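In what follows, a structure is listed as structure tokens, so that the remarks can point back to it.
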Amino acid sequence: MGTSDNTDTLATRDAHAQRLRSALIDQIQKDGHVRTPAVETALRTRAAPHVRARCVARGGTLCG
């Protein structure tokens, strides 16, 4: 396995992870737990996945 193969694998994993995160945020929003556009933007652009999961686990509702 060359460096290019490893890079391709990482890029594929990153893309898959991004799709999963987007689907999770879509579902959280659909369920009514994201109440403001600012919170949605934060979830999609700034918060690391472990931070988002911890926020939801604390009470299930994210508010802006």
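Scheme for the structure tokens: letters A, B, ... for chains in order shown; per-chain residue numbers from 1; ligand numbers from 1 in order shown.
The list of residues with at least one atom within 8 Å of Glu40 (chain A), based on only C-alpha atoms and without residues fewer than 6 positions apart in the same chain, reads Ile25, Gln29 and Val34 of chain A.
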Margin query: Give me, as a VMD selection string, all polymer residues having an atom no more than 12 Å from Asp26 (chain A), counting only C-alpha atoms and skipping those fewer than 6 positions away in the same chain.
Written below: chain A and resid 19 to 20 32 to 34 40 to 41 43 to 44
